[in-house]
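Trainee: Coordinates in my_file15.cif, mmCIF, C-alpha atoms, are listed below.
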data_entry
#
loop_
_atom_site.label_atom_id
_atom_site.label_comp_id
_atom_site.auth_asym_id
_atom_site.auth_seq_id
_atom_site.Cartn_x
_atom_site.Cartn_y
_atom_site.Cartn_z
CA GLU A 1 -9.32 -20.47 -15.24
CA ASP A 2 -7.97 -19.29 -11.89
CA GLN A 3 -10.56 -19.45 -9.17
CA VAL A 4 -10.98 -18.94 -5.44
CA THR A 5 -14.05 -20.44 -3.81
CA GLN A 6 -15.15 -20.64 -0.21
CA SER A 7 -17.55 -22.94 1.59
CA PRO A 8 -19.92 -22.91 3.20
CA GLU A 9 -21.47 -19.63 2.14
CA ALA A 10 -22.92 -19.19 5.61
CA LEU A 11 -22.44 -21.09 8.86
CA ARG A 12 -24.30 -20.89 12.14
CA LEU A 13 -22.66 -22.39 15.21
CA GLN A 14 -23.54 -22.58 18.84
CA GLU A 15 -21.03 -21.05 21.19
CA GLY A 16 -18.33 -23.64 21.84
CA GLU A 17 -19.15 -25.68 18.72
CA SER A 18 -15.91 -26.03 16.75
CA SER A 19 -15.92 -26.09 12.95
CA SER A 20 -13.86 -25.37 9.84
CA LEU A 21 -14.19 -23.01 6.90
CA ASN A 22 -12.81 -23.98 3.51
CA CYS A 23 -11.04 -21.97 0.82
CA SER A 24 -10.29 -23.81 -2.41
CA TYR A 25 -8.13 -22.36 -5.13
CA THR A 26 -7.02 -23.23 -8.61
CA VAL A 27 -4.19 -20.92 -9.56
CA SER A 28 -0.83 -21.22 -11.18
CA GLY A 29 2.11 -20.31 -9.05
CA LEU A 30 0.65 -19.56 -5.65
CA ARG A 31 2.66 -16.89 -3.88
CA GLY A 32 0.53 -16.59 -0.79
CA LEU A 33 -2.89 -17.31 0.70
CA PHE A 34 -4.35 -14.82 3.11
CA TRP A 35 -7.22 -14.96 5.57
CA TYR A 36 -9.16 -11.88 6.62
CA ARG A 37 -12.05 -11.18 8.95
CA GLN A 38 -14.60 -8.55 7.98
CA ASP A 39 -17.23 -7.11 10.28
CA PRO A 40 -20.30 -5.42 8.76
CA GLY A 41 -19.54 -1.93 7.48
CA LYS A 42 -15.81 -2.31 8.14
CA GLY A 43 -12.73 -3.03 6.09
CA PRO A 44 -11.19 -6.50 6.25
CA GLU A 45 -8.85 -7.24 9.14
CA PHE A 46 -5.76 -9.29 8.41
CA LEU A 47 -5.54 -12.66 10.16
CA PHE A 48 -2.99 -14.98 8.55
CA THR A 49 -0.65 -15.49 5.63
CA LEU A 50 0.26 -18.98 4.42
CA TYR A 51 2.91 -19.51 1.79
CA SER A 52 3.48 -23.23 1.34
CA ALA A 53 1.64 -26.52 1.66
CA GLY A 54 1.83 -27.94 5.16
CA GLU A 55 2.14 -24.55 6.79
CA GLU A 56 -0.04 -23.76 9.81
CA LYS A 57 -0.68 -20.55 11.71
CA GLU A 58 -2.59 -20.01 14.95
CA LYS A 59 -4.12 -17.05 16.69
CA GLU A 60 -6.33 -17.46 19.75
CA ARG A 61 -9.24 -19.67 18.67
CA LEU A 62 -8.27 -19.65 14.99
CA LYS A 63 -5.93 -21.96 13.14
CA ALA A 64 -5.23 -21.78 9.43
CA THR A 65 -3.77 -24.62 7.38
CA LEU A 66 -2.74 -24.91 3.75
CA THR A 67 -2.53 -27.73 1.23
CA LYS A 68 -1.74 -27.58 -2.47
CA LYS A 69 -5.39 -27.05 -3.36
CA GLU A 70 -7.11 -25.59 -0.33
CA SER A 71 -6.88 -23.88 3.01
CA PHE A 72 -8.91 -24.41 6.14
CA LEU A 73 -9.68 -21.97 8.88
CA HIS A 74 -10.42 -23.96 12.01
CA ILE A 75 -12.39 -22.27 14.75
CA THR A 76 -12.12 -23.92 18.15
CA ALA A 77 -14.78 -23.26 20.79
CA PRO A 78 -16.05 -20.11 19.05
CA LYS A 79 -17.59 -17.21 20.90
CA PRO A 80 -20.28 -14.80 19.67
CA GLU A 81 -17.60 -12.18 19.03
CA ASP A 82 -16.15 -14.45 16.37
CA SER A 83 -19.23 -13.76 14.26
CA ALA A 84 -18.07 -12.09 11.03
CA THR A 85 -17.44 -12.77 7.37
CA TYR A 86 -14.19 -14.59 6.77
CA LEU A 87 -12.49 -13.93 3.45
CA CYS A 88 -9.61 -15.75 1.88
CA ALA A 89 -7.46 -14.18 -0.80
CA VAL A 90 -4.82 -15.55 -3.10
CA GLN A 91 -1.79 -13.95 -4.63
CA ALA A 92 -0.39 -15.81 -7.61
CA ASN A 93 2.10 -15.35 -10.40
CA ASN A 94 -0.62 -14.48 -12.89
CA TYR A 95 -1.96 -11.62 -10.83
CA GLY A 96 1.07 -9.44 -10.45
CA GLN A 97 0.64 -7.54 -7.22
CA ASN A 98 -3.10 -8.13 -7.06
CA PHE A 99 -4.99 -10.37 -4.71
CA VAL A 100 -8.03 -12.36 -5.74
CA PHE A 101 -10.65 -12.70 -3.04
CA GLY A 102 -13.07 -15.53 -2.46
CA PRO A 103 -16.75 -14.77 -1.84
CA GLY A 104 -16.42 -15.23 1.90
CA THR A 105 -18.13 -17.31 4.59
CA ARG A 106 -20.59 -15.53 6.89
CA LEU A 107 -20.16 -17.02 10.34
CA SER A 108 -22.73 -16.55 13.08
CA VAL A 109 -21.98 -17.84 16.57
CA LEU A 110 -25.03 -17.99 18.78
CA PRO A 111 -24.76 -17.65 22.57
CA GLY B 1 0.23 -4.52 12.03
CA ALA B 2 0.30 -1.67 9.57
CA VAL B 3 -2.44 0.95 9.81
CA VAL B 4 -4.39 2.24 6.85
CA SER B 5 -6.76 5.14 7.43
CA GLN B 6 -9.63 5.95 5.10
CA HIS B 7 -11.73 9.11 5.14
CA PRO B 8 -14.59 9.86 5.12
CA SER B 9 -16.25 6.76 6.51
CA ARG B 10 -19.65 7.88 5.26
CA VAL B 11 -20.63 10.41 2.64
CA ILE B 12 -23.97 11.37 1.16
CA CYS B 13 -24.06 13.51 -1.94
CA LYS B 14 -26.44 14.68 -4.61
CA SER B 15 -26.45 13.18 -8.05
CA GLY B 16 -24.00 14.96 -10.36
CA THR B 17 -21.54 16.03 -7.70
CA SER B 18 -18.03 14.66 -7.18
CA VAL B 19 -16.77 12.96 -4.05
CA LYS B 20 -13.19 12.41 -2.95
CA ILE B 21 -12.12 9.56 -0.67
CA GLU B 22 -8.69 9.56 0.93
CA CYS B 23 -6.59 6.56 1.85
CA ARG B 24 -3.50 7.00 4.01
CA SER B 25 -0.88 4.57 5.23
CA LEU B 26 -0.11 5.88 8.70
CA ASP B 27 2.98 4.01 9.78
CA PHE B 28 4.54 2.76 6.58
CA GLN B 29 5.18 3.85 3.02
CA ALA B 30 3.02 2.28 0.36
CA THR B 31 4.21 2.46 -3.23
CA THR B 32 1.12 0.54 -4.26
CA MET B 33 -2.43 0.89 -3.01
CA PHE B 34 -5.54 -0.86 -4.20
CA TRP B 35 -9.11 0.36 -4.45
CA TYR B 36 -12.00 -2.06 -4.06
CA ARG B 37 -15.73 -1.83 -4.30
CA GLN B 38 -18.01 -4.08 -2.31
CA PHE B 39 -21.72 -4.67 -2.79
CA PRO B 40 -23.90 -5.97 0.05
CA LYS B 41 -23.11 -9.55 1.00
CA GLN B 42 -20.57 -9.81 -1.80
CA SER B 43 -16.82 -10.02 -1.79
CA LEU B 44 -14.33 -7.35 -2.73
CA MET B 45 -14.10 -6.31 -6.35
CA LEU B 46 -10.79 -4.79 -7.36
CA MET B 47 -11.31 -1.51 -9.19
CA ALA B 48 -7.78 -0.27 -9.72
CA THR B 49 -4.20 -0.44 -8.61
CA SER B 50 -2.71 2.88 -7.60
CA ASN B 51 1.01 3.37 -8.03
CA GLU B 52 2.87 6.26 -6.46
CA GLY B 53 4.00 8.75 -9.06
CA SER B 54 2.38 7.05 -12.02
CA LYS B 55 -1.01 6.40 -13.55
CA ALA B 56 -3.35 3.94 -11.93
CA THR B 57 -4.09 0.61 -13.56
CA TYR B 58 -7.81 0.02 -13.89
CA GLU B 59 -9.56 -3.34 -14.02
CA GLN B 60 -11.63 -4.21 -17.01
CA GLY B 61 -15.03 -2.55 -16.92
CA VAL B 62 -14.04 0.22 -14.52
CA GLU B 63 -14.40 3.69 -16.03
CA LYS B 64 -11.17 5.59 -15.45
CA ASP B 65 -12.83 8.92 -16.18
CA LYS B 66 -15.48 8.31 -13.53
CA PHE B 67 -13.18 6.92 -10.86
CA LEU B 68 -10.14 9.17 -10.77
CA ILE B 69 -7.23 7.86 -8.74
CA ASN B 70 -4.27 9.93 -7.63
CA HIS B 71 -1.31 8.55 -5.69
CA ALA B 72 0.76 11.66 -5.17
CA SER B 73 2.83 10.49 -2.23
CA LEU B 74 4.01 7.28 -0.60
CA THR B 75 1.35 7.59 2.09
CA LEU B 76 -1.70 8.96 0.29
CA SER B 77 -3.96 7.78 -2.50
CA THR B 78 -7.27 9.39 -3.38
CA LEU B 79 -10.30 8.12 -5.24
CA THR B 80 -12.60 10.72 -6.75
CA VAL B 81 -16.01 9.61 -7.95
CA THR B 82 -16.90 12.19 -10.58
CA SER B 83 -20.43 13.16 -11.49
CA ALA B 84 -21.76 10.57 -9.08
CA HIS B 85 -25.06 8.83 -9.77
CA PRO B 86 -27.19 6.57 -7.55
CA GLU B 87 -25.68 3.46 -9.15
CA ASP B 88 -22.30 4.55 -7.79
CA SER B 89 -23.61 4.11 -4.26
CA SER B 90 -21.49 1.43 -2.67
CA PHE B 91 -18.87 0.59 -0.07
CA TYR B 92 -15.39 1.59 -1.24
CA ILE B 93 -12.33 0.15 0.47
CA CYS B 94 -8.67 0.90 -0.03
CA SER B 95 -5.72 -1.24 0.89
CA ALA B 96 -1.97 -1.04 0.92
CA ARG B 97 0.69 -3.66 0.99
CA GLY B 98 2.86 -3.65 4.05
CA GLY B 99 6.57 -3.89 3.60
CA GLY B 100 6.56 -3.11 -0.11
CA MET B 101 7.32 -6.70 -1.01
CA LEU B 102 5.32 -8.68 -3.55
CA THR B 103 4.28 -11.20 -0.93
CA GLY B 104 3.50 -8.73 1.82
CA GLU B 105 0.14 -8.71 3.48
CA LEU B 106 -2.57 -6.31 2.39
CA PHE B 107 -3.86 -3.98 5.08
CA PHE B 108 -7.22 -2.36 4.63
CA GLY B 109 -8.81 0.93 5.50
CA GLU B 110 -12.11 1.06 7.32
CA GLY B 111 -14.04 1.65 4.14
CA SER B 112 -16.19 4.53 2.89
CA ARG B 113 -19.93 4.20 2.44
CA LEU B 114 -21.06 6.39 -0.46
CA THR B 115 -24.72 7.17 -0.90
CA VAL B 116 -25.74 9.17 -3.95
CA LEU B 117 -29.22 10.66 -3.80
#
Write the structure described by the file as C-alpha coordinates, please.
Mentor:
Amino acid sequence: EDQVTQSPEALRLQEGESSSLNCSYTVSGLRGLFWYRQDPGKGPEFLFTLYSAGEEKEKERLKATLTKKESFLHITAPKPEDSATYLCAVQANNYGQNFVFGPGTRLSVLP
Amino acid sequence: GAVVSQHPSRVICKSGTSVKIECRSLDFQATTMFWYRQFPKQSLMLMATSNEGSKATYEQGVEKDKFLINHASLTLSTLTVTSAHPEDSSFYICSARGGGMLTGELFFGEGSRLTVL
(Lines of atoms letter the chains of each structure in order from A and count residues from 1; the text may use other names and numbers.)
(Lines give C-alpha, C1' and ligand atoms only; values in the text may rest on other atoms or scores of the structure.)
Protein backbone atom coordinates (compact mmCIF):
# COMPACT_ATOMS: atom_id res chain seq x y z
CA GLU A 1 0.00 0.00 0.00
CA ASP A 2 1.29 3.45 -0.93
CA GLN A 3 2.26 5.48 2.09
CA VAL A 4 3.82 8.78 3.07
CA THR A 5 5.10 9.13 6.61
CA GLN A 6 6.98 11.90 8.35
CA SER A 7 9.17 11.93 11.44
CA PRO A 8 9.42 13.17 14.00
CA GLU A 9 5.84 14.18 14.67
CA ALA A 10 7.05 17.20 16.61
CA LEU A 11 10.48 18.74 17.10
CA ARG A 12 11.67 21.45 19.44
CA LEU A 13 14.99 23.12 18.70
CA GLN A 14 16.93 25.92 20.24
CA GLU A 15 17.69 28.81 17.94
CA GLY A 16 20.80 27.91 15.96
CA GLU A 17 20.46 24.16 16.58
CA SER A 18 20.49 22.47 13.17
CA SER A 19 18.42 19.35 12.51
CA SER A 20 16.65 17.32 9.83
CA LEU A 21 13.07 16.30 9.17
CA ASN A 22 12.30 13.04 7.41
CA CYS A 23 9.69 12.08 4.84
CA SER A 24 9.53 8.42 3.88
CA TYR A 25 7.44 7.13 1.04
CA THR A 26 6.48 3.84 -0.49
CA VAL A 27 4.87 4.52 -3.84
CA SER A 28 5.08 3.14 -7.31
CA GLY A 29 6.32 5.49 -9.94
CA LEU A 30 7.25 8.64 -8.07
CA ARG A 31 6.66 11.70 -10.20
CA GLY A 32 7.58 14.31 -7.66
CA LEU A 33 8.08 14.98 -3.96
CA PHE A 34 7.08 18.35 -2.60
CA TRP A 35 7.81 20.16 0.64
CA TYR A 36 5.46 22.75 2.10
CA ARG A 37 5.45 24.95 5.16
CA GLN A 38 2.17 25.62 6.95
CA ASP A 39 1.63 28.24 9.61
CA PRO A 40 -1.35 27.90 11.98
CA GLY A 41 -4.62 28.93 10.34
CA LYS A 42 -2.98 29.36 6.92
CA GLY A 43 -2.75 27.38 3.73
CA PRO A 44 0.49 25.53 2.94
CA GLU A 45 3.30 27.52 1.36
CA PHE A 46 5.31 25.83 -1.36
CA LEU A 47 9.00 25.28 -0.60
CA PHE A 48 10.60 22.71 -2.90
CA THR A 49 9.99 20.12 -5.58
CA LEU A 50 12.30 17.13 -6.01
CA TYR A 51 11.95 14.77 -8.92
CA SER A 52 14.77 12.25 -8.84
CA ALA A 53 17.06 10.53 -6.36
CA GLY A 54 20.18 12.54 -5.64
CA GLU A 55 18.50 15.85 -6.30
CA GLU A 56 18.98 18.69 -3.82
CA LYS A 57 17.36 22.09 -3.48
CA GLU A 58 18.23 24.97 -1.16
CA LYS A 59 16.47 28.06 0.04
CA GLU A 60 17.92 30.22 2.80
CA ARG A 61 18.30 27.96 5.85
CA LEU A 62 16.48 25.02 4.25
CA LYS A 63 17.88 22.25 2.11
CA ALA A 64 15.86 19.37 0.73
CA THR A 65 17.33 16.09 -0.49
CA LEU A 66 15.81 13.02 -2.08
CA THR A 67 16.68 9.34 -2.18
CA LYS A 68 14.70 6.45 -3.64
CA LYS A 69 12.84 5.92 -0.38
CA GLU A 70 12.92 9.17 1.54
CA SER A 71 13.50 12.88 1.59
CA PHE A 72 15.13 15.04 4.20
CA LEU A 73 14.54 18.66 4.96
CA HIS A 74 17.65 20.02 6.63
CA ILE A 75 17.33 23.16 8.69
CA THR A 76 20.59 24.96 9.36
CA ALA A 77 20.85 27.39 12.27
CA PRO A 78 17.07 27.79 12.58
CA LYS A 79 15.41 30.93 13.82
CA PRO A 80 12.12 31.25 15.73
CA GLU A 81 10.40 32.36 12.52
CA ASP A 82 11.09 28.92 11.09
CA SER A 83 8.56 27.51 13.55
CA ALA A 84 5.75 25.91 11.53
CA THR A 85 4.41 22.57 10.39
CA TYR A 86 6.36 21.12 7.51
CA LEU A 87 4.43 18.88 5.14
CA CYS A 88 5.75 16.63 2.44
CA ALA A 89 3.58 15.44 -0.42
CA VAL A 90 4.08 12.87 -3.12
CA GLN A 91 2.75 12.66 -6.63
CA ALA A 92 2.92 9.20 -8.15
CA ASN A 93 1.66 7.30 -11.14
CA ASN A 94 -1.13 5.69 -9.13
CA TYR A 95 -2.58 8.99 -8.02
CA GLY A 96 -3.29 10.68 -11.30
CA GLN A 97 -3.10 14.40 -10.68
CA ASN A 98 -3.53 14.05 -6.92
CA PHE A 99 -0.95 14.59 -4.25
CA VAL A 100 -0.76 12.48 -1.11
CA PHE A 101 0.33 14.39 1.97
CA GLY A 102 2.25 13.12 4.95
CA PRO A 103 1.03 13.95 8.46
CA GLY A 104 3.56 16.72 8.91
CA THR A 105 6.25 17.64 11.44
CA ARG A 106 5.49 20.46 13.89
CA LEU A 107 8.70 22.40 14.37
CA SER A 108 9.19 24.81 17.25
CA VAL A 109 12.34 26.91 17.40
CA LEU A 110 12.89 28.51 20.77
CA PRO A 111 14.81 31.79 21.12
CA GLY B 1 5.15 31.75 -7.42
CA ALA B 2 1.54 31.42 -8.48
CA VAL B 3 -1.10 33.06 -6.30
CA VAL B 4 -4.28 31.35 -5.20
CA SER B 5 -6.87 33.44 -3.37
CA GLN B 6 -9.55 31.93 -1.18
CA HIS B 7 -12.57 33.74 0.24
CA PRO B 8 -13.92 34.06 2.85
CA SER B 9 -11.14 33.32 5.30
CA ARG B 10 -13.62 32.86 8.14
CA VAL B 11 -17.32 32.18 8.13
CA ILE B 12 -19.78 31.43 10.89
CA CYS B 13 -23.22 30.16 10.01
CA LYS B 14 -26.25 28.60 11.60
CA SER B 15 -26.99 24.94 11.28
CA GLY B 16 -29.04 24.18 8.16
CA THR B 17 -27.75 27.05 6.06
CA SER B 18 -25.46 26.79 3.03
CA VAL B 19 -22.05 28.37 2.71
CA LYS B 20 -20.06 29.06 -0.44
CA ILE B 21 -16.27 29.28 -0.51
CA GLU B 22 -14.47 30.69 -3.54
CA CYS B 23 -11.05 29.75 -4.82
CA ARG B 24 -9.38 31.86 -7.49
CA SER B 25 -6.10 31.52 -9.33
CA LEU B 26 -4.99 35.12 -9.70
CA ASP B 27 -2.11 35.00 -12.13
CA PHE B 28 -2.51 31.73 -13.97
CA GLN B 29 -5.17 29.50 -15.43
CA ALA B 30 -5.99 26.36 -13.52
CA THR B 31 -7.82 23.60 -15.34
CA THR B 32 -7.69 21.54 -12.17
CA MET B 33 -8.20 22.63 -8.60
CA PHE B 34 -8.30 20.54 -5.47
CA TRP B 35 -10.33 20.93 -2.30
CA TYR B 36 -8.97 19.74 1.02
CA ARG B 37 -10.26 19.56 4.53
CA GLN B 38 -7.98 19.79 7.52
CA PHE B 39 -8.76 18.92 11.13
CA PRO B 40 -6.72 20.39 13.99
CA LYS B 41 -3.16 19.09 14.10
CA GLN B 42 -3.85 16.76 11.19
CA SER B 43 -2.70 16.77 7.62
CA LEU B 44 -4.67 17.65 4.54
CA MET B 45 -7.45 15.34 3.45
CA LEU B 46 -8.35 15.51 -0.21
CA MET B 47 -12.08 15.93 -0.68
CA ALA B 48 -12.43 16.34 -4.41
CA THR B 49 -10.74 17.26 -7.64
CA SER B 50 -12.40 20.07 -9.53
CA ASN B 51 -12.05 20.13 -13.30
CA GLU B 52 -12.96 23.15 -15.36
CA GLY B 53 -16.08 22.54 -17.41
CA SER B 54 -16.81 19.09 -16.04
CA LYS B 55 -18.05 17.36 -12.92
CA ALA B 56 -15.82 17.16 -9.90
CA THR B 57 -14.29 13.86 -8.83
CA TYR B 58 -14.99 13.12 -5.19
CA GLU B 59 -12.87 11.00 -2.87
CA GLN B 60 -14.40 8.00 -1.24
CA GLY B 61 -16.55 8.93 1.73
CA VAL B 62 -17.13 12.53 0.67
CA GLU B 63 -20.80 13.32 0.07
CA LYS B 64 -21.13 15.01 -3.31
CA ASP B 65 -24.60 16.31 -2.48
CA LYS B 66 -23.34 18.01 0.67
CA PHE B 67 -20.15 19.44 -0.80
CA LEU B 68 -21.07 20.93 -4.16
CA ILE B 69 -18.15 21.91 -6.35
CA ASN B 70 -18.38 24.11 -9.40
CA HIS B 71 -15.44 24.98 -11.64
CA ALA B 72 -17.05 27.28 -14.15
CA SER B 73 -13.95 29.05 -15.39
CA LEU B 74 -10.20 28.54 -15.61
CA THR B 75 -9.64 30.81 -12.63
CA LEU B 76 -12.53 30.05 -10.27
CA SER B 77 -13.74 27.02 -8.37
CA THR B 78 -16.37 27.14 -5.64
CA LEU B 79 -17.20 24.79 -2.80
CA THR B 80 -20.69 25.01 -1.36
CA VAL B 81 -21.38 23.28 1.92
CA THR B 82 -25.11 22.62 1.81
CA SER B 83 -27.31 22.34 4.86
CA ALA B 84 -24.28 22.73 7.08
CA HIS B 85 -24.15 21.05 10.48
CA PRO B 86 -21.70 21.46 13.37
CA GLU B 87 -19.75 18.40 12.23
CA ASP B 88 -18.96 20.24 9.00
CA SER B 89 -16.99 22.81 10.98
CA SER B 90 -13.43 22.60 9.74
CA PHE B 91 -10.63 24.30 7.85
CA TYR B 92 -11.16 24.05 4.09
CA ILE B 93 -8.27 24.70 1.72
CA CYS B 94 -8.19 24.85 -2.05
CA SER B 95 -5.21 24.45 -4.31
CA ALA B 96 -4.37 24.71 -7.96
CA ARG B 97 -1.57 23.32 -10.01
CA GLY B 98 0.70 25.88 -11.55
CA GLY B 99 1.61 25.49 -15.17
CA GLY B 100 -1.08 22.94 -15.97
CA MET B 101 1.45 20.13 -16.17
CA LEU B 102 1.07 16.86 -14.31
CA THR B 103 4.24 17.47 -12.35
CA GLY B 104 3.62 21.12 -11.58
CA GLU B 105 3.65 22.36 -8.04
CA LEU B 106 0.44 22.79 -6.09
CA PHE B 107 -0.23 26.30 -4.82
CA PHE B 108 -2.64 26.77 -1.97
CA GLY B 109 -5.15 29.34 -0.92
CA GLU B 110 -5.11 30.79 2.56
CA GLY B 111 -7.86 28.49 3.74
CA SER B 112 -11.39 29.09 5.02
CA ARG B 113 -12.35 28.41 8.62
CA LEU B 114 -15.99 27.30 8.76
CA THR B 115 -17.82 27.28 12.06
CA VAL B 116 -21.36 25.94 12.11
CA LEU B 117 -23.36 26.82 15.20
Trainee: Please write the residues picked by the PyMOL selection byres ((chain A) within 6 of (chain B)) on this file as an MDAnalysis selection string.
Mentor: chainID A and resid 42:44 103
Trainee: Using all atoms listed in the file, can you tell me which of A:Phe46, A:Glu58, A:Gly41, A:Glu15 comes closest to Leu114 (chain B)?
Mentor: A:Gly41
Trainee: Determine the residue set returned by the PyMOL selection byres ((chain B and resi 116) around 8) for the present structure, and present it as a PyMOL selection string.
Mentor: chain B and resi 12-15+84-89+114-115+117
Trainee: Would you work out the distance separating CA of Glu52 (chain B) from CA of Arg24 (chain B), expressed in Å to one decimal?
Mentor: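 Separation of CA of Glu52 (chain B) and CA of Arg24 (chain B): 12.3 Å.
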Trainee: Expanded to explicit residues, what is the PyMOL selection byres ((chain A and resi 90) around 6) for this file, as a list in words?
Mentor: Gly32, Leu33, Ala89, Gln91, Phe99 and Val100 of chain A
Trainee: Could you dump the residues just selected with C-alpha atoms as a short mmCIF file (atom, residue, chain, number, x, y, z; two decimals), in the frame of the given file?
Mentor:
data_model
loop_
_atom_site.label_atom_id
_atom_site.label_comp_id
_atom_site.auth_asym_id
_atom_site.auth_seq_id
_atom_site.Cartn_x
_atom_site.Cartn_y
_atom_site.Cartn_z
CA GLY A 32 0.53 -16.59 -0.79
CA LEU A 33 -2.89 -17.31 0.70
CA ALA A 89 -7.46 -14.18 -0.80
CA GLN A 91 -1.79 -13.95 -4.63
CA PHE A 99 -4.99 -10.37 -4.71
CA VAL A 100 -8.03 -12.36 -5.74
#
Trainee: Every residue with an atom at most 9 Å from (-7.6, -17.3, 19.0) (file coordinates; all atoms listed in the file) is what I'm after, so could you write them as a ChimeraX atom specification?
Mentor: /A:58-63,75-76,78
Trainee: Tell me, as a ChimeraX atom specification, which residues lie within 10 Å of Leu110 (chain A), counting only C-alpha atoms; anything in the same chain fewer than 2 positions away does not count.
Mentor: /A:12-17,78-83,107-108
Trainee: Can you work out the spacing between CA of Asn70 (chain B) and CA of Phe39 (chain B) in Å, to one decimal?
Mentor: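 Taking CA of Asn70 (chain B) as the start and CA of Phe39 (chain B) as the end point, the length is 23.3 Å.
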Trainee: Could you state the separation of CA of Ile69 (chain B) and CA of Glu45 (chain A) in Å, given to one decimal place?
Mentor: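 Computing the Euclidean distance for CA of Ile69 (chain B) and CA of Glu45 (chain A) yields 23.5 Å.
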Trainee: Excluding Leu11 (chain A) and any residue of its chain fewer than 2 positions from it, enumerate the residues within 9 Å of it, using all atoms listed in the file, and give them as a PDB file with C-alpha atoms, in the coordinates of the input.
Mentor:
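Output file selection-v2.pdb is given in full below:
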ATOM      1  CA  SER A   7     -17.550 -22.940   1.590  1.00  0.00           C
ATOM      2  CA  PRO A   8     -19.920 -22.910   3.200  1.00  0.00           C
ATOM      3  CA  GLU A   9     -21.470 -19.630   2.140  1.00  0.00           C
ATOM      4  CA  LEU A  13     -22.660 -22.390  15.210  1.00  0.00           C
ATOM      5  CA  LEU A  21     -14.190 -23.010   6.900  1.00  0.00           C
ATOM      6  CA  THR A 105     -18.130 -17.310   4.590  1.00  0.00           C
ATOM      7  CA  ARG A 106     -20.590 -15.530   6.890  1.00  0.00           C
ATOM      8  CA  LEU A 107     -20.160 -17.020  10.340  1.00  0.00           C
ATOM      9  CA  SER A 108     -22.730 -16.550  13.080  1.00  0.00           C
ATOM     10  CA  VAL A 109     -21.980 -17.840  16.570  1.00  0.00           C
TER      11      VAL A 109
END
Trainee: Since the input lacks some atoms of region 24-45 of chain B, please model N, CA, C and O atoms and print them as an mmCIF file, keeping the file's coordinate frame.
Mentor:
data_model
loop_
_atom_site.group_PDB
_atom_site.id
_atom_site.type_symbol
_atom_site.label_atom_id
_atom_site.label_comp_id
_atom_site.auth_asym_id
_atom_site.auth_seq_id
_atom_site.Cartn_x
_atom_site.Cartn_y
_atom_site.Cartn_z
ATOM 1 N N ARG B 24 -4.840 6.694 3.521
ATOM 2 C CA ARG B 24 -3.500 7.000 4.010
ATOM 3 C C ARG B 24 -2.887 5.799 4.722
ATOM 4 O O ARG B 24 -3.551 5.138 5.517
ATOM 5 N N SER B 25 -1.629 5.543 4.442
ATOM 6 C CA SER B 25 -0.880 4.570 5.230
ATOM 7 C C SER B 25 -0.196 5.366 6.333
ATOM 8 O O SER B 25 0.578 6.277 6.071
ATOM 9 N N LEU B 26 -0.522 5.025 7.583
ATOM 10 C CA LEU B 26 -0.110 5.880 8.700
ATOM 11 C C LEU B 26 1.284 5.585 9.224
ATOM 12 O O LEU B 26 1.965 6.476 9.711
ATOM 13 N N ASP B 27 1.703 4.340 9.162
ATOM 14 C CA ASP B 27 2.980 4.010 9.780
ATOM 15 C C ASP B 27 3.915 3.265 8.840
ATOM 16 O O ASP B 27 4.861 2.607 9.280
ATOM 17 N N PHE B 28 3.638 3.361 7.547
ATOM 18 C CA PHE B 28 4.540 2.760 6.580
ATOM 19 C C PHE B 28 4.333 3.448 5.232
ATOM 20 O O PHE B 28 3.335 4.118 5.004
ATOM 21 N N GLN B 29 5.286 3.271 4.356
ATOM 22 C CA GLN B 29 5.180 3.850 3.020
ATOM 23 C C GLN B 29 4.635 2.798 2.065
ATOM 24 O O GLN B 29 5.073 1.651 2.075
ATOM 25 N N ALA B 30 3.686 3.204 1.270
ATOM 26 C CA ALA B 30 3.020 2.280 0.360
ATOM 27 C C ALA B 30 3.189 2.750 -1.081
ATOM 28 O O ALA B 30 2.550 3.725 -1.498
ATOM 29 N N THR B 31 4.046 2.096 -1.827
ATOM 30 C CA THR B 31 4.210 2.460 -3.230
ATOM 31 C C THR B 31 3.004 2.028 -4.046
ATOM 32 O O THR B 31 2.745 2.578 -5.109
ATOM 33 N N THR B 32 2.294 1.043 -3.551
ATOM 34 C CA THR B 32 1.120 0.540 -4.260
ATOM 35 C C THR B 32 -0.071 0.472 -3.308
ATOM 36 O O THR B 32 0.056 -0.049 -2.207
ATOM 37 N N MET B 33 -1.177 1.012 -3.753
ATOM 38 C CA MET B 33 -2.430 0.890 -3.010
ATOM 39 C C MET B 33 -3.485 0.359 -3.971
ATOM 40 O O MET B 33 -3.376 0.498 -5.180
ATOM 41 N N PHE B 34 -4.487 -0.267 -3.403
ATOM 42 C CA PHE B 34 -5.540 -0.860 -4.200
ATOM 43 C C PHE B 34 -6.879 -0.265 -3.776
ATOM 44 O O PHE B 34 -7.117 -0.014 -2.596
ATOM 45 N N TRP B 35 -7.764 -0.108 -4.732
ATOM 46 C CA TRP B 35 -9.110 0.360 -4.450
ATOM 47 C C TRP B 35 -10.114 -0.730 -4.818
ATOM 48 O O TRP B 35 -10.064 -1.284 -5.922
ATOM 49 N N TYR B 36 -10.989 -1.034 -3.870
ATOM 50 C CA TYR B 36 -12.000 -2.060 -4.060
ATOM 51 C C TYR B 36 -13.392 -1.468 -3.901
ATOM 52 O O TYR B 36 -13.598 -0.452 -3.220
ATOM 53 N N ARG B 37 -14.334 -2.164 -4.491
ATOM 54 C CA ARG B 37 -15.730 -1.830 -4.300
ATOM 55 C C ARG B 37 -16.425 -3.091 -3.798
ATOM 56 O O ARG B 37 -16.088 -4.201 -4.230
ATOM 57 N N GLN B 38 -17.333 -2.914 -2.873
ATOM 58 C CA GLN B 38 -18.010 -4.080 -2.310
ATOM 59 C C GLN B 38 -19.508 -3.823 -2.252
ATOM 60 O O GLN B 38 -19.967 -2.839 -1.654
ATOM 61 N N PHE B 39 -20.266 -4.730 -2.846
ATOM 62 C CA PHE B 39 -21.720 -4.670 -2.790
ATOM 63 C C PHE B 39 -22.198 -5.517 -1.623
ATOM 64 O O PHE B 39 -21.470 -6.407 -1.159
ATOM 65 N N PRO B 40 -23.406 -5.250 -1.136
ATOM 66 C CA PRO B 40 -23.900 -5.970 0.050
ATOM 67 C C PRO B 40 -23.797 -7.475 -0.102
ATOM 68 O O PRO B 40 -24.178 -8.046 -1.126
ATOM 69 N N LYS B 41 -23.248 -8.098 0.905
ATOM 70 C CA LYS B 41 -23.110 -9.550 1.000
ATOM 71 C C LYS B 41 -22.283 -10.125 -0.157
ATOM 72 O O LYS B 41 -22.422 -11.301 -0.488
ATOM 73 N N GLN B 42 -21.465 -9.324 -0.757
ATOM 74 C CA GLN B 42 -20.570 -9.810 -1.800
ATOM 75 C C GLN B 42 -19.132 -9.537 -1.405
ATOM 76 O O GLN B 42 -18.844 -8.766 -0.494
ATOM 77 N N SER B 43 -18.227 -10.190 -2.116
ATOM 78 C CA SER B 43 -16.820 -10.020 -1.790
ATOM 79 C C SER B 43 -16.271 -8.757 -2.421
ATOM 80 O O SER B 43 -16.978 -7.991 -3.079
ATOM 81 N N LEU B 44 -14.999 -8.546 -2.230
ATOM 82 C CA LEU B 44 -14.330 -7.350 -2.730
ATOM 83 C C LEU B 44 -14.072 -7.449 -4.221
ATOM 84 O O LEU B 44 -13.596 -8.470 -4.712
ATOM 85 N N MET B 45 -14.362 -6.366 -4.925
ATOM 86 C CA MET B 45 -14.100 -6.310 -6.350
ATOM 87 C C MET B 45 -13.013 -5.276 -6.597
ATOM 88 O O MET B 45 -13.195 -4.097 -6.307
#
